[in-house]
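Here's the structure we're looking at; comments come further down.
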Amino acid sequence: MRPLLKTESMIATEKMLDVVKTLLDEDQPETLFPKILEVAKSVLHADAAVLDISGDSPLHLSNPEKVAISISAVKQAKSENRAVIWNQVDDDSVDLSKSIVQNQLTSIMVSPFRTTDSESGYLYLQRAAREEPFTAEDVQLFDSFVAVCEKFAIAVSDRLRDKQSLDVLKNVVRKDGVVYSSSVMSDLVALADKLAPLPMPVIIRGETGTGKEVLAKYIHKHSPRADKPFIAVNCGAIPENLMESLLFGHAKGSFTGAIENRKGFFEEADGGTIFLDEIGELPMNMQVKLLRVLQEKHITRVGDNREIPVNVRVISATHVDLEEAVKEKRFREDLYFRIQVMPMVLPPLRERGQDVILLAEEFLTRYGAEYGRGKCHMSRNTEKALLGYHWPGNVRELENKIQKALIQAVHGVIQPEDLGLGDLQSQAKESPRTLKEAREAVEREVIGRALKDSNANLTLAATILGIDRKVLREIMERLDMKKEDFKN
């Protein structure tokens, strides 16, 4: 049997099917429109593509980054309200011929491009000189391509509006990287909005992984310093012998390897915000120097005696019990009062209710696109498992589990096993039979979490639990719990 020869129409149809498959997974304008340019260049063998959309949300994308376009070609396509073509060999327009020759092109193809928000956009393609010119068949395919892309753009826009309406109904807020619906987060963000325009220091307290840096960035972005640098420093990750140099800079020749003057983090953040994460880990000698900077508002580089003024807002964060650290002489009392002007407490993820589902969906969307996994959704059992898990690592742990689940998921559906939460149901089946057993099980669970979160520090664990340290010891002895078993 002779193989069936493909007609131009069949080839064009196959190309359009490929286009639809390529665009199906794009559900955000910021990913859909660049993809349209990429596919247009590929399907129609163009050397350059430009998409321009006016209206309330104007957009101008080009691939490559800089493309010289013919305004005359755009105007003519809009006036004829269809995809049109101009070739160097047969163009009647003086302006277009001049544009084609000057830009060393073979041909230009332009079509109007309409979205929900704009009726006056266009999609522009061109081929370089010495390439085959666009043909009438290319124009037909281009017309069909634009029609498909317009429908996708309108559908994405409508879905976003529906999502925003649904968010309003569910009291969901998505604002500058912060997503929540819980009242505890609503109150916290309201406080952040009040503090953002004020110059006072802020300290963010909370367990590891709760998103302290995200909140610090939110405060910075809503402050008068938003257009200035935001510098994040993890005080617990810097070796003690390098800390002064990294924070305050150094002069040339101040130590071996100092071959030039170098700015520190404080100078880099001048005019903006410096975020000192895990400030409770600062060595005592650095606490003295930091206090001086906060009081005098100037720094001195290592190996130099000049005072350099800095205008920096300090936002700090810690999961350490600073009050206990002050009592134990591990943290200076004067520095404590300097940074403790306005404390904010980020709740652990287990106290944020449905926020865990919202955050999981956000991570699914973000990493699904990044890993090329397309759209994924969670099963009902997965949502129950997310709500039932205690999240010792908080939002950071959730983010890691979602990334792992995207790799393991089958057919785009996230199951509890993909998140490593599949054993929750079996744990539920082994529930205690008596009130005494139930009470002891709860005590073990809650105390165990507090000990893990505090790295077996009984004083901090007792603070988390809201009980006296002596009472905690007595309960642990009764339950035969050893603090050594909970050290990280």
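Starting from 1 in every chain, residues are counted up; chains themselves are A, B, ... following the order of the structure tokens, and ligands are numbered from 1 as listed.
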Contacts of region 330-337 of chain A at 6 Å or less, counting only C-alpha atoms, minus same-chain residues fewer than 4 places along, as JSON, numbers by chain?
{"A": [291, 325, 326]}
Requested write-out: all heavy atoms of the selected residues, as a PDB file, in the first residue's frame:
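Just written: result17.pdb:
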```pdb
ATOM      1  N   LEU A 291      25.312  47.181  67.654  1.00  0.00           N
ATOM      2  CA  LEU A 291      24.625  48.164  68.490  1.00  0.00           C
ATOM      3  C   LEU A 291      25.146  49.570  68.213  1.00  0.00           C
ATOM      4  O   LEU A 291      24.367  50.526  68.104  1.00  0.00           O
ATOM      5  CB  LEU A 291      24.822  47.812  69.967  1.00  0.00           C
ATOM      6  CG  LEU A 291      24.188  48.786  70.970  1.00  0.00           C
ATOM      7  CD1 LEU A 291      22.676  48.810  70.830  1.00  0.00           C
ATOM      8  CD2 LEU A 291      24.584  48.400  72.400  1.00  0.00           C
ATOM      9  N   ALA A 325      17.879  34.184  76.159  1.00  0.00           N
ATOM     10  CA  ALA A 325      19.272  34.411  75.789  1.00  0.00           C
ATOM     11  C   ALA A 325      19.852  35.599  76.553  1.00  0.00           C
ATOM     12  O   ALA A 325      21.031  35.590  76.936  1.00  0.00           O
ATOM     13  CB  ALA A 325      19.377  34.645  74.278  1.00  0.00           C
ATOM     14  N   VAL A 326      19.040  36.631  76.791  1.00  0.00           N
ATOM     15  CA  VAL A 326      19.487  37.781  77.574  1.00  0.00           C
ATOM     16  C   VAL A 326      19.776  37.356  79.014  1.00  0.00           C
ATOM     17  O   VAL A 326      20.798  37.731  79.608  1.00  0.00           O
ATOM     18  CB  VAL A 326      18.438  38.916  77.538  1.00  0.00           C
ATOM     19  CG1 VAL A 326      18.774  40.001  78.567  1.00  0.00           C
ATOM     20  CG2 VAL A 326      18.362  39.527  76.148  1.00  0.00           C
TER      21      VAL A 326
END
```
In region 128-274 of chain A, what's strand (DSSP E) per DSSP? Answer as number ranges by chain?
A: 128, 173-175, 178-180, 202-205, 230-234, 273-274
Counting only C-alpha atoms, which residue out of A:Ser254, A:Ser107, A:Thr300, A:Thr273 sits closest to Val233 (chain A)?
A:Thr273
Kindly give the distance, in Å, that separates CA of Gly368 (chain A) and CA of Thr382 (chain A), rounded to a single decimal.
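Straight-line distance from CA of Gly368 (chain A) to CA of Thr382 (chain A) works out to 17.0 Å.
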Counting only C-alpha atoms, what is within 7 Å of Phe248 (chain A), bar same-chain residues fewer than 3 positions away, as a count of residues only?
9
So that each row is one residue of region 133-243 of chain A with an atom at most 12 Å from region 455-475 of chain A, can you give its shortest atom pair and the distance in Å to one decimal, using only C-alpha atoms, rows by chain and rising number, as a Markdown table?
```
| residue | atom | partner | partner_atom | distance |
| --- | --- | --- | --- | --- |
| A:Arg205 | CA | A:Ile464 | CA | 12.0 |
| A:Gly206 | CA | A:Ile464 | CA | 10.2 |
| A:Glu207 | CA | A:Ile464 | CA | 9.7 |
| A:Thr208 | CA | A:Asn455 | CA | 11.0 |
```
Identify all residues of region 281-440 of chain A in helix (DSSP H, G or I) (DSSP on the backbone) and supply them as a ChimeraX atom specification.
/A:281,284-296,322-327,333-339,349-351,355-370,380-388,394-408,416-419,424-429,435-440
Excluding Arg114 (chain A) and its own-chain neighbours fewer than 6 positions away, which residues fall within 10 Å of it when counting only C-alpha atoms? Please give them as a list in words.
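In the requested form, the answer reads Asp52, Ile53, Ser54, Ser120, Gly121, Tyr122, Leu123, Val146, Ala147, Cys149, Glu150, Lys151, Ala153 and Ile154 of chain A.
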